[in-house]
Amino acid sequence: MLKKIRTLLLNANYQPRAVIPVERAFALWFEDEKLGAGIGKIDIVLTAAEVHSGEIPEQSRFWRSPSSSFPVPLVVALRKMRSPLFDLNNTSVGTPNLRGLMKRDRNRCLYCLREEHEFESGNYFTMDHIVPRYRFRNPADAHHYQNLALSCLSCNLKKGGRTPEEAGMTLHGIPLEPTRQELVAHDLLECQKVFVTWCREGGPVPEGLGAAA
Ligand SMILES: [Zn+2]
């Protein structure tokens with residue numbers, strides 16, 4: 001079973017670029033089914049069969065079709081360089097979204113400072129417009145990181161259509177525009193760290209990285 005396996009995609013210069021589902025890695029490798037494997041857009045750098053093979057179940061190390069068997073790729077590299085992840089000229093962080101806010105505000109409600117595991121049931125993270133949208137002539141102007149706070153639903157409801165001051169609530173932290181690195185690089189660097197440690201020290205495959213049960 002290949003489900004849950006994720007593959008680290010490197011750029012042509014071997015800098016990490018993304019973590020992709022293993023099915024996508026196979027698609028990039030085959031490129032064109034008629035032409036066969038190994039002529040696609042990537043080279044396979046490391047397969048599950050090569051790493052701590054004893055600890056990865058057999059069915060997770062090889063992908064079998066009725067006629068052939070392929071080692072499951074854990075790390076693949078693009079043959080042609082794609083634009084680097086950290087283009088110094090590109091500082092855009094894109095449209096704010098909940099995932100971005102969770103990273104910036106470190107998974108805490110900026111009002112009650114609770115993390116998700118401390119929530120009562122039915123409570124969850126939302127995006128709070130610090131100055132409510134209806135106060136802007138163009139509501140789209142309200143939707144930028146400097147006017148957004150990660151807020152749990154109950155704090156968001158309590159605040160309602162008011163500013164924190166009007167609602168008598170304290171905003172813990174200054175809502176800054178996050179950097180691109182904060183939003184994009186964090187996950188990749190974490191993944192790379194986990195991967196390198198695992199290659200060095202062995203042990204069970206880390207969650208979210210390679211083969212799962
Ligand atoms: Zn809260």
# chains A, B, ... in the order shown; residues from 1 in each chain; ligands from 1
>>> residues_near_ligand(ligand="ligand 1", cutoff="7 Å", atoms="only C-alpha atoms and all ligand atoms", output="list in words")
Cys109, Leu110, Tyr111, Cys112, Leu113, Arg114, Ser151, Cys152, Leu153, Ser154 and Cys155 of chain A
>>> residues_around(residues="segment 174-180 of chain A", least_positions_apart="6", cutoff="8 Å", atoms="only C-alpha atoms", output="list of chain:residue names")
A:Thr91, A:Ser92, A:Val93, A:Arg104, A:His144, A:Tyr145, A:Gln146, A:Asn147, A:Leu148, A:Ala149
>>> closest_residue(among="A:Leu150, A:Leu157, A:Val131, A:Ala142", to="Leu98 of chain A", atoms="only C-alpha atoms")
A:Leu150
>>> closest_residue(among="A:Gly100, A:Ala77, A:Asn156, A:Thr95", to="Pro16 of chain A", atoms="only C-alpha atoms")
A:Ala77
>>> closest_residue(among="A:Pro73, A:Asp141, A:Glu50, A:Ser68", to="Ile20 of chain A", atoms="only C-alpha atoms")
A:Pro73
>>> atom_distance(atom1="atom CA of Trp29 of chain A", atom2="atom CA of Lys41 of chain A")
6.0 Å
>>> residues_around(residues="Asn13 of chain A", least_positions_apart="4", cutoff="9 Å", atoms="only C-alpha atoms", output="number ranges by chain")
A: 77-81
>>> write_last_selection(atoms="N, CA and C atoms", output="mmCIF file, in the first residue's frame")
data_model
loop_
_atom_site.group_PDB
_atom_site.id
_atom_site.type_symbol
_atom_site.label_atom_id
_atom_site.label_comp_id
_atom_site.auth_asym_id
_atom_site.auth_seq_id
_atom_site.Cartn_x
_atom_site.Cartn_y
_atom_site.Cartn_z
ATOM 1 N N ALA A 77 14.869 14.058 -7.537
ATOM 2 C CA ALA A 77 15.417 15.366 -7.924
ATOM 3 C C ALA A 77 14.984 15.703 -9.337
ATOM 4 N N LEU A 78 14.604 16.923 -9.535
ATOM 5 C CA LEU A 78 14.235 17.383 -10.874
ATOM 6 C C LEU A 78 15.463 17.398 -11.773
ATOM 7 N N ARG A 79 15.266 17.024 -13.030
ATOM 8 C CA ARG A 79 16.406 17.066 -13.957
ATOM 9 C C ARG A 79 16.694 18.480 -14.416
ATOM 10 N N LYS A 80 15.636 19.254 -14.564
ATOM 11 C CA LYS A 80 15.822 20.649 -14.987
ATOM 12 C C LYS A 80 15.512 21.560 -13.824
ATOM 13 N N MET A 81 16.341 22.547 -13.648
ATOM 14 C CA MET A 81 16.166 23.503 -12.561
ATOM 15 C C MET A 81 14.833 24.218 -12.703
#
>>> select_by_dssp(residues="segment 5-184 of chain A", states="helix (DSSP H, G or I)", output="MDAnalysis selection string")
chainID A and resid 22:30 53:55 58:61 98:104 116:118 133:135 139:142 145:147 153:159 164:167 180:184
>>> atom_distance(atom1="atom CA of Thr163 of chain A", atom2="atom CA of Asp128 of chain A")
10.2 Å
>>> residues_around(residues="Thr47 of chain A", least_positions_apart="6", cutoff="9 Å", atoms="only C-alpha atoms", output="list in words")
Arg61, Pro71, Val72, Pro73, Leu74, Val75 and Val76 of chain A
>>> atom_distance(atom1="atom CA of Leu28 of chain A", atom2="atom CA of Gly40 of chain A")
5.6 Å
